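A.B. asks: The structure is given below, and queries will be raised subsequently.
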Amino acid sequence: MKLTLRVWRQKNADAEGTMSTYEVDGISPDMSFLEMLDTLNEELILKGEDPVAFDHDCREGICGMCSLVINGEAHGPERTTTCQLHMRSFRDGDTIDIEPWRAAAFPVVKDLVVDRSAFDRIIQAGGYITAPTGSAPEAHATPVPKPDADYAFEHAECIGCGACVAACPNGAAMLFTSAKVNHLNVLPQGAPERETRVLDMVAQMDEEGFGGCTLAGECATACPKGIPLTSITRMNREWLRATRKAGKR
Amino acid sequence: MARTVWDSTVGKKTVMAVSGLIMLLYLVVHMIGNLKIFFGPGEFNHYAHWLRTVGEPFMHYEWTLWVIRVVLLAAVVAHAVSAYQLSRRDIKARPRTYVHRKPRAGYATRTMRWGGVILGLFIVWHILDLTTGTVHSGGFETGKPYQNVVDTFSTWYGNAVYIVAMLALGLHIRHGFWSAAQTLGAGSRARDRALKTVANVLALLLTAGFIAVPVGVMTGVVS
């Protein structure tokens, strides 16, 4: 396959960026999107040019490190992570636009790499449970109803890649935050911090400069792990409940 | 608690949802009241007069009406202020748009902001036209709402402004009602279709019901 790539190049956080055009040839349809970028970078290095910086790690679709807005869609045309996207999703001779996640809370570090530590700070605000560490607890010590376990797992699938923020017209982190809140709030292990968790995580989310939710639904469409839009609804319910309870205290 | 609600994006959305639902409830009542115009000037004018005497003798003449007006004004202001502040925040949160843009959200979703501005301007015109009569096209007469309505919809711009605003209203409610349910935590996977249907039905009924009046005047059914 022969492709024309238009890639966002930006030297560093303070530099002005621009879209640069590159031609790549000899791309196999079986290559992953990141392997295609590796091919481009090898050519750039041989030519003595600066390779395109992009985030990647496990390349198995489970770490949440890879990003990229491909032709205007977070993680590209398939509902998966960029590393699991294959070149067979494109046609020979295509022009592909590659841009970084765009959000005020995700500043560009270089080229296609953005700083997603805002997510880490949201987790630090309440995305944990308080439990004694040490030897593993007895598995049956805390019974969890099967529907709750399934619900928690569905939300625990979130890999924190930030596609929801990238796809949201408001750069909101509601789907990410709600996935984390719901994952823990539905479980008995998360019950002691149920109220403070949602209040603190939403407050941190606002603090980081993410936008608000307008229920456009783009986040859930872009999510490679299929976190549903109703996750946001449930977090709103949790937030209202916690606010009412905090008001009574 | 009020502080927490107002300072949070989720809280401000709650303010929007509640104020929006208050206005929606009012619109349903308003639309049903409007339809009395099809039963002649006697019934319509009598209905308009009754609105001023609701609650008597407990409430004085027009008291109930003023209570409703104050509640509505509060709802409009709360809705608009939170919408403005949230929108500013949303725009700031996405300082640079994508070179390759792919709008996927529905038309109703994308037009919420401008639609809201149009509706706000419409409300001002609507009150100046048919409540105070300041910008009324014919000889405005207090206590003769039937004739005032016919006068307004006898001008092309009266019809145009009204119909455009009502179409904007339909779109606004279509996304707004469903969104309000999500914001208040009332949505769920099982209820999603029902909520969307209710939103669409409400939007359609209100738009059709309101537009029926200018269409009635234009076709001579109401004159």
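Ordering of the structure tokens sets the chain letters (A, B, ...); residue numbers start at 1 within each chain; ligands are numbered from 1 in the order shown.
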Pull out every residue of chain B that has at least one atom within 6 Å of chain A, counting only C-alpha atoms, and report them as a PyMOL selection string.
C.D. replies: chain B and resi 1+9+89-90+93-94+100-102+105+182-183+185+188
A.B. asks: Identify, on the basis of only C-alpha atoms, every residue whose closest approach to region 20-33 of chain B does not exceed 10 Å; exclude the query and any residue fewer than 6 positions from it along the same chain; express the result as a PyMOL selection string.
C.D. replies: chain B and resi 14+44+47-48+51+68+71-73+75-76+78-80+173+176-177+180-181+202-203+205-213
A.B. asks: Could those residues be written to a file, using N, CA, C and O atoms, as a CSV table (one decimal), in the first residue's frame?
C.D. replies:
chain,number,residue,atom,x,y,z
B,14,THR,N,-27.3,20.3,36.7
B,14,THR,CA,-28.5,20.0,37.4
B,14,THR,C,-29.5,21.2,37.5
B,14,THR,O,-30.7,21.1,37.3
B,44,PHE,N,-61.6,32.1,24.2
B,44,PHE,CA,-60.2,32.5,24.3
B,44,PHE,C,-60.0,33.7,25.3
B,44,PHE,O,-59.2,33.6,26.2
B,47,TYR,N,-60.8,32.7,28.8
B,47,TYR,CA,-59.7,31.9,29.4
B,47,TYR,C,-58.5,32.8,29.8
B,47,TYR,O,-58.0,32.7,30.9
B,48,ALA,N,-58.2,33.8,29.0
B,48,ALA,CA,-57.2,34.8,29.3
B,48,ALA,C,-57.5,35.6,30.6
B,48,ALA,O,-56.7,35.9,31.4
B,51,LEU,N,-57.1,33.4,33.7
B,51,LEU,CA,-55.7,33.3,34.2
B,51,LEU,C,-55.4,34.3,35.2
B,51,LEU,O,-54.5,34.1,36.1
B,68,ILE,N,-46.3,32.9,39.0
B,68,ILE,CA,-45.8,32.1,37.9
B,68,ILE,C,-44.8,32.8,37.1
B,68,ILE,O,-43.7,32.3,36.7
B,71,VAL,N,-41.5,32.8,39.0
B,71,VAL,CA,-40.8,31.5,38.9
B,71,VAL,C,-40.2,31.3,37.6
B,71,VAL,O,-39.1,30.8,37.4
B,72,LEU,N,-41.0,31.6,36.5
B,72,LEU,CA,-40.5,31.5,35.1
B,72,LEU,C,-39.2,32.3,34.9
B,72,LEU,O,-38.2,31.9,34.3
B,73,LEU,N,-39.3,33.6,35.4
B,73,LEU,CA,-38.1,34.5,35.2
B,73,LEU,C,-36.9,33.9,35.9
B,73,LEU,O,-35.8,33.9,35.3
B,75,ALA,N,-36.3,30.8,36.4
B,75,ALA,CA,-35.9,29.6,35.7
B,75,ALA,C,-35.2,30.0,34.4
B,75,ALA,O,-34.1,29.4,34.1
B,76,VAL,N,-35.7,31.0,33.7
B,76,VAL,CA,-35.0,31.5,32.5
B,76,VAL,C,-33.6,32.0,32.8
B,76,VAL,O,-32.6,31.6,32.2
B,78,ALA,N,-31.7,31.4,35.5
B,78,ALA,CA,-30.8,30.3,36.0
B,78,ALA,C,-30.4,29.4,34.8
B,78,ALA,O,-29.2,29.1,34.7
B,79,HIS,N,-31.3,29.1,33.9
B,79,HIS,CA,-31.0,28.3,32.7
B,79,HIS,C,-29.9,29.0,31.8
B,79,HIS,O,-28.9,28.4,31.4
B,80,ALA,N,-30.2,30.3,31.6
B,80,ALA,CA,-29.3,31.0,30.7
B,80,ALA,C,-27.9,31.2,31.3
B,80,ALA,O,-26.9,31.1,30.6
B,173,ILE,N,-36.0,20.9,22.8
B,173,ILE,CA,-36.6,20.0,23.7
B,173,ILE,C,-36.2,18.6,23.4
B,173,ILE,O,-36.0,17.8,24.3
B,176,GLY,N,-32.9,18.4,24.9
B,176,GLY,CA,-32.9,18.9,26.3
B,176,GLY,C,-33.6,18.0,27.3
B,176,GLY,O,-33.1,17.8,28.3
B,177,PHE,N,-34.8,17.5,26.9
B,177,PHE,CA,-35.6,16.7,27.8
B,177,PHE,C,-34.8,15.4,28.2
B,177,PHE,O,-34.6,15.0,29.3
B,180,ALA,N,-31.8,16.3,30.3
B,180,ALA,CA,-32.2,16.6,31.7
B,180,ALA,C,-32.3,15.3,32.5
B,180,ALA,O,-31.9,15.2,33.6
B,181,ALA,N,-33.0,14.3,31.8
B,181,ALA,CA,-33.2,13.0,32.5
B,181,ALA,C,-31.8,12.4,32.9
B,181,ALA,O,-31.6,11.9,34.0
B,202,LEU,N,-42.9,15.0,23.0
B,202,LEU,CA,-43.0,16.3,23.6
B,202,LEU,C,-42.7,17.4,22.6
B,202,LEU,O,-43.4,18.4,22.4
B,203,ALA,N,-41.5,17.2,22.0
B,203,ALA,CA,-41.0,18.2,21.0
B,203,ALA,C,-42.0,18.3,19.9
B,203,ALA,O,-42.3,19.5,19.5
B,205,LEU,N,-45.3,17.5,19.7
B,205,LEU,CA,-46.6,18.0,20.2
B,205,LEU,C,-46.5,19.5,20.4
B,205,LEU,O,-47.4,20.3,20.0
B,206,LEU,N,-45.5,19.9,21.1
B,206,LEU,CA,-45.4,21.3,21.5
B,206,LEU,C,-45.2,22.2,20.2
B,206,LEU,O,-45.9,23.2,20.0
B,207,THR,N,-44.3,21.8,19.3
B,207,THR,CA,-44.0,22.5,18.1
B,207,THR,C,-45.3,22.6,17.3
B,207,THR,O,-45.7,23.7,16.9
B,208,ALA,N,-46.0,21.5,17.1
B,208,ALA,CA,-47.2,21.4,16.3
B,208,ALA,C,-48.3,22.2,16.9
B,208,ALA,O,-49.0,23.0,16.3
B,209,GLY,N,-48.4,22.1,18.2
B,209,GLY,CA,-49.5,22.8,18.9
B,209,GLY,C,-49.3,24.3,18.9
B,209,GLY,O,-50.3,25.0,18.7
B,210,PHE,N,-48.1,24.8,19.0
B,210,PHE,CA,-47.8,26.2,19.0
B,210,PHE,C,-48.0,26.8,17.6
B,210,PHE,O,-48.6,27.8,17.4
B,211,ILE,N,-47.5,26.0,16.6
B,211,ILE,CA,-47.5,26.5,15.2
B,211,ILE,C,-48.9,26.5,14.7
B,211,ILE,O,-49.3,27.2,13.8
B,212,ALA,N,-49.8,25.7,15.3
B,212,ALA,CA,-51.2,25.6,14.8
B,212,ALA,C,-51.9,27.0,14.9
B,212,ALA,O,-52.7,27.3,14.0
B,213,VAL,N,-51.4,27.8,15.8
B,213,VAL,CA,-52.1,29.1,15.9
B,213,VAL,C,-51.8,30.1,14.7
B,213,VAL,O,-52.7,30.5,14.1
A.B. asks: How far is it from CA of Ala220 (chain A) to CA of Cys164 (chain A), in Å with one decimal?
C.D. replies: 6.8 Å
A.B. asks: Would you please extract all alpha helix (DSSP H) residues from region 9-142 of chain A, as assigned by DSSP on the backbone, and give them as a count of residues only?
C.D. replies: 22
A.B. asks: Write out as a PDB file with N, CA and C atoms, in the first residue's frame each polymer residue whose atoms come within 12 Å of region 135-143 of chain A, counting only C-alpha atoms; drop sequence neighbours fewer than 3 positions from it.
C.D. replies:
ATOM      1  N   ALA A 131      -8.077  -0.408  51.882  1.00  0.00           N
ATOM      2  CA  ALA A 131      -8.092  -1.811  52.286  1.00  0.00           C
ATOM      3  C   ALA A 131      -6.751  -2.143  52.912  1.00  0.00           C
ATOM      4  N   PRO A 132      -6.759  -3.022  53.915  1.00  0.00           N
ATOM      5  CA  PRO A 132      -5.471  -3.412  54.487  1.00  0.00           C
ATOM      6  C   PRO A 132      -4.674  -4.203  53.448  1.00  0.00           C
ATOM      7  N   LYS A 146     -23.751 -11.085  41.607  1.00  0.00           N
ATOM      8  CA  LYS A 146     -23.235 -11.257  40.249  1.00  0.00           C
ATOM      9  C   LYS A 146     -23.523 -10.047  39.339  1.00  0.00           C
ATOM     10  N   PRO A 147     -24.751  -9.488  39.338  1.00  0.00           N
ATOM     11  CA  PRO A 147     -24.989  -8.332  38.461  1.00  0.00           C
ATOM     12  C   PRO A 147     -24.087  -7.142  38.813  1.00  0.00           C
ATOM     13  N   ASP A 148     -23.830  -6.960  40.115  1.00  0.00           N
ATOM     14  CA  ASP A 148     -22.946  -5.867  40.537  1.00  0.00           C
ATOM     15  C   ASP A 148     -21.516  -6.116  40.083  1.00  0.00           C
ATOM     16  N   ALA A 149     -21.090  -7.368  40.212  1.00  0.00           N
ATOM     17  CA  ALA A 149     -19.730  -7.723  39.784  1.00  0.00           C
ATOM     18  C   ALA A 149     -19.578  -7.468  38.284  1.00  0.00           C
ATOM     19  N   LEU A 187     -19.447  -1.658  44.250  1.00  0.00           N
ATOM     20  CA  LEU A 187     -18.917  -2.793  45.015  1.00  0.00           C
ATOM     21  C   LEU A 187     -18.927  -2.513  46.521  1.00  0.00           C
ATOM     22  N   PRO A 188     -19.107  -3.560  47.329  1.00  0.00           N
ATOM     23  CA  PRO A 188     -19.075  -3.349  48.787  1.00  0.00           C
ATOM     24  C   PRO A 188     -17.712  -2.805  49.256  1.00  0.00           C
ATOM     25  N   GLN A 189     -16.656  -3.193  48.551  1.00  0.00           N
ATOM     26  CA  GLN A 189     -15.322  -2.702  48.937  1.00  0.00           C
ATOM     27  C   GLN A 189     -15.203  -1.193  48.758  1.00  0.00           C
ATOM     28  N   GLY A 190     -16.008  -0.645  47.859  1.00  0.00           N
ATOM     29  CA  GLY A 190     -15.919   0.790  47.592  1.00  0.00           C
ATOM     30  C   GLY A 190     -16.908   1.602  48.407  1.00  0.00           C
ATOM     31  N   ALA A 191     -17.765   0.894  49.175  1.00  0.00           N
ATOM     32  CA  ALA A 191     -18.860   1.568  49.875  1.00  0.00           C
ATOM     33  C   ALA A 191     -18.417   2.628  50.898  1.00  0.00           C
TER      34      ALA A 191
END
A.B. asks: Return the single residue from A:Ile123, A:Leu85, A:Val113, A:Val7 that is closest to Glu60 (chain A), with distances computed using only C-alpha atoms.
C.D. replies: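 Between A:Ile123, A:Leu85, A:Val113, A:Val7, the residue approaching Glu60 (chain A) most closely is A:Leu85.
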A.B. asks: Excluding region 24-37 of chain A and residues on its chain fewer than 2 positions from it, collect all residues at most 7 Å away from it, counting only C-alpha atoms, and give them as an MDAnalysis selection string.
C.D. replies: chainID A and resid 1:4 22 39:41 82:88
A.B. asks: Excluding Ile227 (chain A) and residues on its chain fewer than 2 positions from it, collect all residues at most 8 Å away from it, counting only C-alpha atoms, and give them as a list in words.
C.D. replies: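 Counting only the stated atoms, we get Glu154, His155, Glu157, Cys158, Leu175, Ala179, Ala220, Cys223, Lys225, Leu229 and Ser231 of chain A.
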A.B. asks: Store the residues of this selection in a file with all heavy atoms, as an mmCIF file, in the first residue's frame.
C.D. replies:
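Everything below was put into result-v8.cif:
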data_model
loop_
_atom_site.group_PDB
_atom_site.id
_atom_site.type_symbol
_atom_site.label_atom_id
_atom_site.label_comp_id
_atom_site.auth_asym_id
_atom_site.auth_seq_id
_atom_site.Cartn_x
_atom_site.Cartn_y
_atom_site.Cartn_z
ATOM 1 N N GLU A 154 -17.527 -4.197 33.852
ATOM 2 C CA GLU A 154 -17.751 -3.462 32.599
ATOM 3 C C GLU A 154 -17.063 -2.090 32.674
ATOM 4 O O GLU A 154 -16.481 -1.617 31.702
ATOM 5 C CB GLU A 154 -19.258 -3.297 32.370
ATOM 6 C CG GLU A 154 -19.595 -2.731 31.003
ATOM 7 C CD GLU A 154 -21.084 -2.450 30.835
ATOM 8 O OE1 GLU A 154 -21.838 -2.556 31.823
ATOM 9 O OE2 GLU A 154 -21.467 -2.105 29.704
ATOM 10 N N HIS A 155 -17.146 -1.464 33.856
ATOM 11 C CA HIS A 155 -16.543 -0.137 34.009
ATOM 12 C C HIS A 155 -15.048 -0.206 34.302
ATOM 13 O O HIS A 155 -14.301 0.703 33.974
ATOM 14 C CB HIS A 155 -17.288 0.658 35.074
ATOM 15 C CG HIS A 155 -18.653 1.061 34.601
ATOM 16 N ND1 HIS A 155 -19.728 0.191 34.653
ATOM 17 C CD2 HIS A 155 -19.101 2.182 34.013
ATOM 18 C CE1 HIS A 155 -20.774 0.793 34.128
ATOM 19 N NE2 HIS A 155 -20.426 1.989 33.722
ATOM 20 N N GLU A 157 -13.135 -1.990 32.848
ATOM 21 C CA GLU A 157 -12.457 -2.192 31.563
ATOM 22 C C GLU A 157 -11.785 -0.936 31.042
ATOM 23 O O GLU A 157 -10.923 -1.003 30.176
ATOM 24 C CB GLU A 157 -13.468 -2.683 30.518
ATOM 25 C CG GLU A 157 -13.669 -4.182 30.523
ATOM 26 C CD GLU A 157 -14.399 -4.636 29.264
ATOM 27 O OE1 GLU A 157 -13.750 -4.687 28.209
ATOM 28 O OE2 GLU A 157 -15.605 -4.901 29.359
ATOM 29 N N CYS A 158 -12.224 0.234 31.539
ATOM 30 C CA CYS A 158 -11.627 1.502 31.097
ATOM 31 C C CYS A 158 -10.113 1.451 31.259
ATOM 32 O O CYS A 158 -9.606 1.109 32.325
ATOM 33 C CB CYS A 158 -12.196 2.675 31.903
ATOM 34 S SG CYS A 158 -11.309 4.226 31.651
ATOM 35 N N LEU A 175 -16.878 10.580 30.883
ATOM 36 C CA LEU A 175 -16.986 9.130 30.704
ATOM 37 C C LEU A 175 -15.870 8.423 31.479
ATOM 38 O O LEU A 175 -16.109 7.418 32.140
ATOM 39 C CB LEU A 175 -16.942 8.752 29.220
ATOM 40 C CG LEU A 175 -17.434 7.335 28.933
ATOM 41 C CD1 LEU A 175 -18.927 7.213 29.176
ATOM 42 C CD2 LEU A 175 -17.102 6.892 27.520
ATOM 43 N N ALA A 179 -16.654 6.045 34.638
ATOM 44 C CA ALA A 179 -16.261 4.632 34.607
ATOM 45 C C ALA A 179 -15.570 4.263 35.912
ATOM 46 O O ALA A 179 -15.839 3.220 36.514
ATOM 47 C CB ALA A 179 -15.338 4.360 33.420
ATOM 48 N N ALA A 220 -18.822 7.823 24.195
ATOM 49 C CA ALA A 220 -19.170 6.394 24.243
ATOM 50 C C ALA A 220 -18.986 5.742 22.876
ATOM 51 O O ALA A 220 -18.699 4.554 22.783
ATOM 52 C CB ALA A 220 -20.601 6.227 24.728
ATOM 53 N N CYS A 223 -15.120 5.187 22.619
ATOM 54 C CA CYS A 223 -14.458 4.380 23.650
ATOM 55 C C CYS A 223 -14.098 2.992 23.125
ATOM 56 O O CYS A 223 -14.973 2.221 22.725
ATOM 57 C CB CYS A 223 -15.350 4.239 24.883
ATOM 58 S SG CYS A 223 -14.617 3.190 26.153
ATOM 59 N N LYS A 225 -13.264 0.499 24.748
ATOM 60 C CA LYS A 225 -13.688 -0.543 25.684
ATOM 61 C C LYS A 225 -15.196 -0.583 25.873
ATOM 62 O O LYS A 225 -15.703 -1.314 26.725
ATOM 63 C CB LYS A 225 -12.977 -0.330 27.032
ATOM 64 C CG LYS A 225 -11.463 -0.483 26.936
ATOM 65 C CD LYS A 225 -11.086 -1.921 26.542
ATOM 66 C CE LYS A 225 -9.674 -1.973 25.989
ATOM 67 N NZ LYS A 225 -9.323 -3.318 25.507
ATOM 68 N N LEU A 229 -22.742 5.257 27.599
ATOM 69 C CA LEU A 229 -23.066 6.641 27.952
ATOM 70 C C LEU A 229 -23.854 6.710 29.260
ATOM 71 O O LEU A 229 -23.744 7.683 30.009
ATOM 72 C CB LEU A 229 -23.866 7.278 26.809
ATOM 73 C CG LEU A 229 -24.109 8.788 26.873
ATOM 74 C CD1 LEU A 229 -22.788 9.549 26.893
ATOM 75 C CD2 LEU A 229 -24.964 9.251 25.706
ATOM 76 N N SER A 231 -23.255 5.380 31.820
ATOM 77 C CA SER A 231 -22.301 5.447 32.924
ATOM 78 C C SER A 231 -22.291 6.867 33.496
ATOM 79 O O SER A 231 -22.217 7.066 34.717
ATOM 80 C CB SER A 231 -20.918 5.067 32.393
ATOM 81 O OG SER A 231 -19.982 5.085 33.424
#
A.B. asks: Calculate how many Å separate CA of Asp115 (chain A) from CA of Ala74 (chain A), rounding to one decimal.
C.D. replies: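 Separating CA of Asp115 (chain A) from CA of Ala74 (chain A) is a distance of 16.0 Å.
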A.B. asks: Can you tell me which residues surround Arg52 (chain B) at a distance of at most 7 Å, considering only C-alpha atoms, apart from same-chain residues fewer than 6 positions away, and format the answer as a PyMOL selection string?
C.D. replies: chain B and resi 61-62+65
